[in-house]
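Asker: Take a look at this one; I'll ask things after.
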Amino acid sequence: MSAQELATLLGISSHAVEKQIANLKDKGLLKRIGPDKGGYWEVNLENRELNS
């Protein structure tokens, strides 16, 4: 799902979605699997922060 598709679904701007995705990546909650082209992002619950 693209950031634009997610923004439309949630009723927020694509910039807001991208900001939240960057936040999740910084916290280690999203992990990249594969190359930039053809890869995908996976939710990584092993690194979740308990104090969030």
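The chains in the structure tokens are called A, B, ... from first to last as shown; in each chain the residues are counted from 1, and the ligands are counted from 1 in the order shown.
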At a cut-off of 10 Å, using only C-alpha atoms, what residues contact segment 16-19 of chain A? Leave out same-chain residues fewer than 5 positions from it and give the result as a list in words.

Answerer: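 So the residues in contact are Ser2, Ala3, Gln4, Glu5, Leu6, Ala7, Thr8, Leu10, Leu24 and Lys25 of chain A.
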
Asker: Could you pull out the alpha helix (DSSP H) residues of chain A, going by DSSP on the backbone, and write them as a PyMOL selection string?

Answerer: chain A and resi 3-10+14-26

Asker: For the selection just defined, write its residues with C-alpha atoms to a file, as a PDB file, in the first residue's frame.

Answerer:
```
ATOM      1  CA  ALA A   3       1.554   6.377   1.450  1.00  0.00           C
ATOM      2  CA  GLN A   4      -1.044   8.135  -0.730  1.00  0.00           C
ATOM      3  CA  GLU A   5      -3.430   5.169  -0.537  1.00  0.00           C
ATOM      4  CA  LEU A   6      -3.001   5.001   3.233  1.00  0.00           C
ATOM      5  CA  ALA A   7      -3.558   8.761   3.542  1.00  0.00           C
ATOM      6  CA  THR A   8      -6.802   8.522   1.580  1.00  0.00           C
ATOM      7  CA  LEU A   9      -7.971   5.586   3.687  1.00  0.00           C
ATOM      8  CA  LEU A  10      -7.175   7.410   6.950  1.00  0.00           C
ATOM      9  CA  SER A  14       0.314  11.867   2.572  1.00  0.00           C
ATOM     10  CA  HIS A  15       2.935  14.035   4.324  1.00  0.00           C
ATOM     11  CA  ALA A  16       1.444  13.068   7.704  1.00  0.00           C
ATOM     12  CA  VAL A  17       1.571   9.379   6.726  1.00  0.00           C
ATOM     13  CA  GLU A  18       5.202   9.667   5.619  1.00  0.00           C
ATOM     14  CA  LYS A  19       6.094  11.409   8.895  1.00  0.00           C
ATOM     15  CA  GLN A  20       4.506   8.601  10.928  1.00  0.00           C
ATOM     16  CA  ILE A  21       6.209   5.920   8.822  1.00  0.00           C
ATOM     17  CA  ALA A  22       9.576   7.629   9.392  1.00  0.00           C
ATOM     18  CA  ASN A  23       8.835   7.655  13.123  1.00  0.00           C
ATOM     19  CA  LEU A  24       8.121   3.901  13.071  1.00  0.00           C
ATOM     20  CA  LYS A  25      11.357   3.248  11.142  1.00  0.00           C
ATOM     21  CA  ASP A  26      13.354   5.339  13.645  1.00  0.00           C
TER      22      ASP A  26
END
```

Asker: Let's see if you can do this: from backbone DSSP, list all strand (DSSP E) residues in chain A, as JSON, numbers by chain.

Answerer: {"A": [30, 31, 32, 33, 40, 41, 42, 43]}

Asker: Take the residues that were just selected and, keeping N, CA, C and O atoms, output them as a short mmCIF file (atom, residue, chain, number, x, y, z; two decimals), in the first residue's frame.

Answerer:
```
data_model
loop_
_atom_site.label_atom_id
_atom_site.label_comp_id
_atom_site.auth_asym_id
_atom_site.auth_seq_id
_atom_site.Cartn_x
_atom_site.Cartn_y
_atom_site.Cartn_z
N LEU A 30 9.61 -0.89 11.93
CA LEU A 30 9.50 -1.31 10.55
C LEU A 30 10.86 -1.75 10.07
O LEU A 30 11.86 -1.06 10.29
N LYS A 31 10.92 -2.90 9.42
CA LYS A 31 12.18 -3.46 8.95
C LYS A 31 12.07 -3.70 7.45
O LYS A 31 11.07 -4.24 6.97
N ARG A 32 13.09 -3.29 6.70
CA ARG A 32 13.10 -3.45 5.25
C ARG A 32 13.54 -4.87 4.90
O ARG A 32 14.56 -5.35 5.37
N ILE A 33 12.77 -5.52 4.05
CA ILE A 33 13.08 -6.85 3.55
C ILE A 33 13.30 -6.73 2.05
O ILE A 33 12.41 -6.29 1.34
N TYR A 40 9.98 -5.00 0.48
CA TYR A 40 8.80 -4.56 1.22
C TYR A 40 9.18 -4.26 2.66
O TYR A 40 10.27 -4.60 3.12
N TRP A 41 8.30 -3.60 3.37
CA TRP A 41 8.49 -3.29 4.78
C TRP A 41 7.71 -4.30 5.61
O TRP A 41 6.60 -4.67 5.26
N GLU A 42 8.32 -4.73 6.71
CA GLU A 42 7.70 -5.69 7.60
C GLU A 42 7.62 -5.09 9.00
O GLU A 42 8.56 -4.44 9.45
N VAL A 43 6.52 -5.33 9.70
CA VAL A 43 6.38 -4.87 11.08
C VAL A 43 7.30 -5.72 11.94
O VAL A 43 7.29 -6.95 11.87
#
```
